[in-house]
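**Q** Quick one: the structure is below, questions incoming.
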Amino acid sequence: MTDVLARMGLVRMSARDTEASYRVSTPLELLFDLVFVVAVSQASQNLHHLISEDHVGQGVLAYLMVFFAIWWAWMNFTWFASAFDTDDWLYRVLTIVQMGGVLVLAAGVHDAMVEFDFLVVTWGYVIMRLALVAQWLRAAASDPESRRTALRMALGVTVVQVLWVARIYLLDETAQFWTFFALVALELLVPVWGEASGRTAWHPHHIAERYGLFTLLLLGESLLASANAIIDALGEGEHVSELVTLAISGIVVTAGIWWVYFSREQHHRLEGRKSAFRFGYLHYVIFAAVGAVSAGVEVEIDEITGHTEISPVIAGLALTLPIAIVVAASWLVLLRASLSRWASAAVLAGAVLIALAGLLPAGEYVVAAALLVGVVVVLEVDRVRRESAPLH
């Protein structure tokens with residue numbers, strides 16, 4: 001069998017060593033992430049426009065729905081690749097098919113968020129997921145030890161994809177809306193059911209790195225929004241001081257979120273099945289909030305330049321709430337176990353104050369940035385105290 005595969009230019013797909021040294025992201029994984037930037041950018045841009053047009057509730061809900069499709073497809077590939085990446089031509093082709101699905105999904109984001117028309121998004125999502133089913137079937141055929149888990153994953157994913165397509169063509173708009181959340185629940189249950197028969201060979205260091213890299217890509221959207229503030233200031237010649245201040249605040253916020261997220265090593269939080277599910281699933285909150293920060297900056301630009309009729313409070317909260325959620329969720333998922341009680345209390349208090357800064361009549365982005373700097377200081381002070389404490 002191995003000789004046949006070799007003649008075809010293929011490598012036997014088997015579980016990787018979970019303790020292998022120097023397990024890092026491959027160039028293909030990095031390319032895969034870049035394609036997702038397109039979809040995330042579309043989602044954050046439409047969130048920005050819907051909030052600025054005073055469709056706040058619709059914008060937030062639609063963003064969270066679309067972002068689930070983006071995040072879930074990325075996450076499932078990431079964990080599969082950590083366990084079974086062969087990097088031969090067939091693996092690459094199937095991964096590129098998934099990339100094509102991402103681009104189809106991105107093309108449908110506007111209709112999904114503005115019109116709640118999820119036809120294109122659904123097909124893009126299904127393309128991504130069925131390409132991964134092919135990978136699971138290949139793993140089942142190649143690796144006897146992982147066969148039961150791989151077949152469960154392939155079956156579960158396939159059934160849910162059939163339901164996604166049936167939902168679009170057989171149900172009316174109201175039923176489509178409510179069944180969306182039921183199918184999300186089924187999607188979340190498939191890995192739980194699949195891994196119940198045996199854990200796949202994902203690598204803790206590799207997974208932590210992959211999540212960190214995706215966070216960096218999301219932060220890039222915030223940097224772009226800050227650059228737009230400077231570009232608008234130079235282009236219009238009006239509100240220059242406010243826009244430049246917003247841009248500087250945006251850079252500080254981006255750096256602050258980066259500092260908070262990467263302030264502690266994370267691979268040790270992926271030691272078991274339960275901790276892995278908690279780490280993987282709860283990152284939806286972190287990722288969605290980080291992705292929304294750039295939309296908040298853009299809304300603030302609209303408010304400063306008079307291109308929106310929403311109140312300054314709504315504009316302020318559009319920026320400060322995502323920042324606060326990032327801080328609070330990062331504490332819950334990444335930091336809680338490694339912080340002193342006083343530091344945990346200070347971080348959570350900082351998150352609350354950052355959210356409340358959106359209620360200020362002016363300068364809310366400056367206050368939010370300053371409070372985020374305060375959170376970073378707390379984390380570093382706590383680190384120094386712990387490292388300098390005498391061993392008992």
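Chain lettering (A, B, ...) mirrors the order of the structure tokens, residue numbering begins at 1 for each chain separately, and ligand numbering begins at 1 in order of display.
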Give me the residues near Ile207 in chain A as a list in words, where near means some atom within 10 Å (using only C-alpha atoms) and where sequence neighbours in that chain fewer than 2 positions away do not count.

**A**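 Once the nearby chain positions are removed, what remains is Arg23, Val24, Ser25, Met75, Thr78, Trp79, Ala81, Ser82, Ala83, Trp202, His203, Pro204, His205, Glu209, Arg210, Tyr211, Gly212, Leu213, Gln266, His267, Leu270, Ala276, Phe279 and Gly280 of chain A.
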
**Q** Range 325-341 of chain A: which residues within 10 Å, counting only C-alpha atoms, same-chain residues fewer than 3 positions away excluded, as an MDAnalysis selection string?

**A** chainID A and resid 256:257 260:266 269 275 278:293 320:322 344:352 354:355 372 375 378:379 382:383 385:386

**Q** Which residues are close to Thr254 in chain A, i.e. within 12 Å by only C-alpha atoms, leaving aside same-chain residues fewer than 3 positions away? Reply as a PyMOL selection string.

**A** chain A and resi 215-226+247-251+257-261+290-294+297+319+322-323+326-327+368-369+372-373

**Q** Let me make sure I understand: among A:Leu47, A:Val56, A:Ala201, A:Val244, which one has the smallest atom-to-atom distance to Ala20 in chain A if we use only C-alpha atoms?

**A** A:Ala201

**Q** For Trp136 in chain A, work out the shell of residues within 12 Å, counting only C-alpha atoms and skipping chain neighbours fewer than 4 positions away, then give it as a ChimeraX atom specification.

**A** /A:13-15,76-77,79-81,83-85,91,94,129-132,140-143,146-158,194,200

**Q** At a cut-off of 9 Å, using only C-alpha atoms, what residues contact Gly100 in chain A? Leave out same-chain residues fewer than 3 positions from it and give the result as an mmCIF file with C-alpha atoms, in the first residue's frame.

**A**
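Result saved to out15.cif:
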```cif
data_model
loop_
_atom_site.group_PDB
_atom_site.id
_atom_site.type_symbol
_atom_site.label_atom_id
_atom_site.label_comp_id
_atom_site.auth_asym_id
_atom_site.auth_seq_id
_atom_site.Cartn_x
_atom_site.Cartn_y
_atom_site.Cartn_z
ATOM 1 C CA VAL A 35 -7.696 33.766 2.721
ATOM 2 C CA THR A 95 -6.936 22.575 1.402
ATOM 3 C CA ILE A 96 -7.006 24.906 -1.598
ATOM 4 C CA VAL A 97 -10.599 23.795 -2.274
ATOM 5 C CA LEU A 103 -13.830 33.195 -0.979
ATOM 6 C CA VAL A 104 -17.353 32.104 -1.935
ATOM 7 C CA LEU A 105 -18.437 32.715 1.650
ATOM 8 C CA GLY A 124 -19.207 28.664 0.610
ATOM 9 C CA ILE A 127 -17.690 23.673 0.210
ATOM 10 C CA MET A 128 -15.181 24.215 3.019
#
```

**Q** Using only C-alpha atoms, determine which residues lie at most 9 Å from Asp87 in chain A, disregarding the query and same-chain residues fewer than 5 positions distant; provide the list as a PyMOL selection string.

**A** chain A and resi 10-11+26+28+92

**Q** Go ahead and write the residues just picked, C-alpha atoms, as a compact mmCIF listing (two decimals), in the first residue's frame.

**A**
```
# COMPACT_ATOMS: atom_id res chain seq x y z
CA LEU A 10 1.16 10.58 -1.78
CA VAL A 11 2.14 10.10 1.85
CA THR A 26 3.39 25.40 7.68
CA LEU A 28 0.14 26.21 3.55
CA ARG A 92 -2.73 20.64 -0.60
```
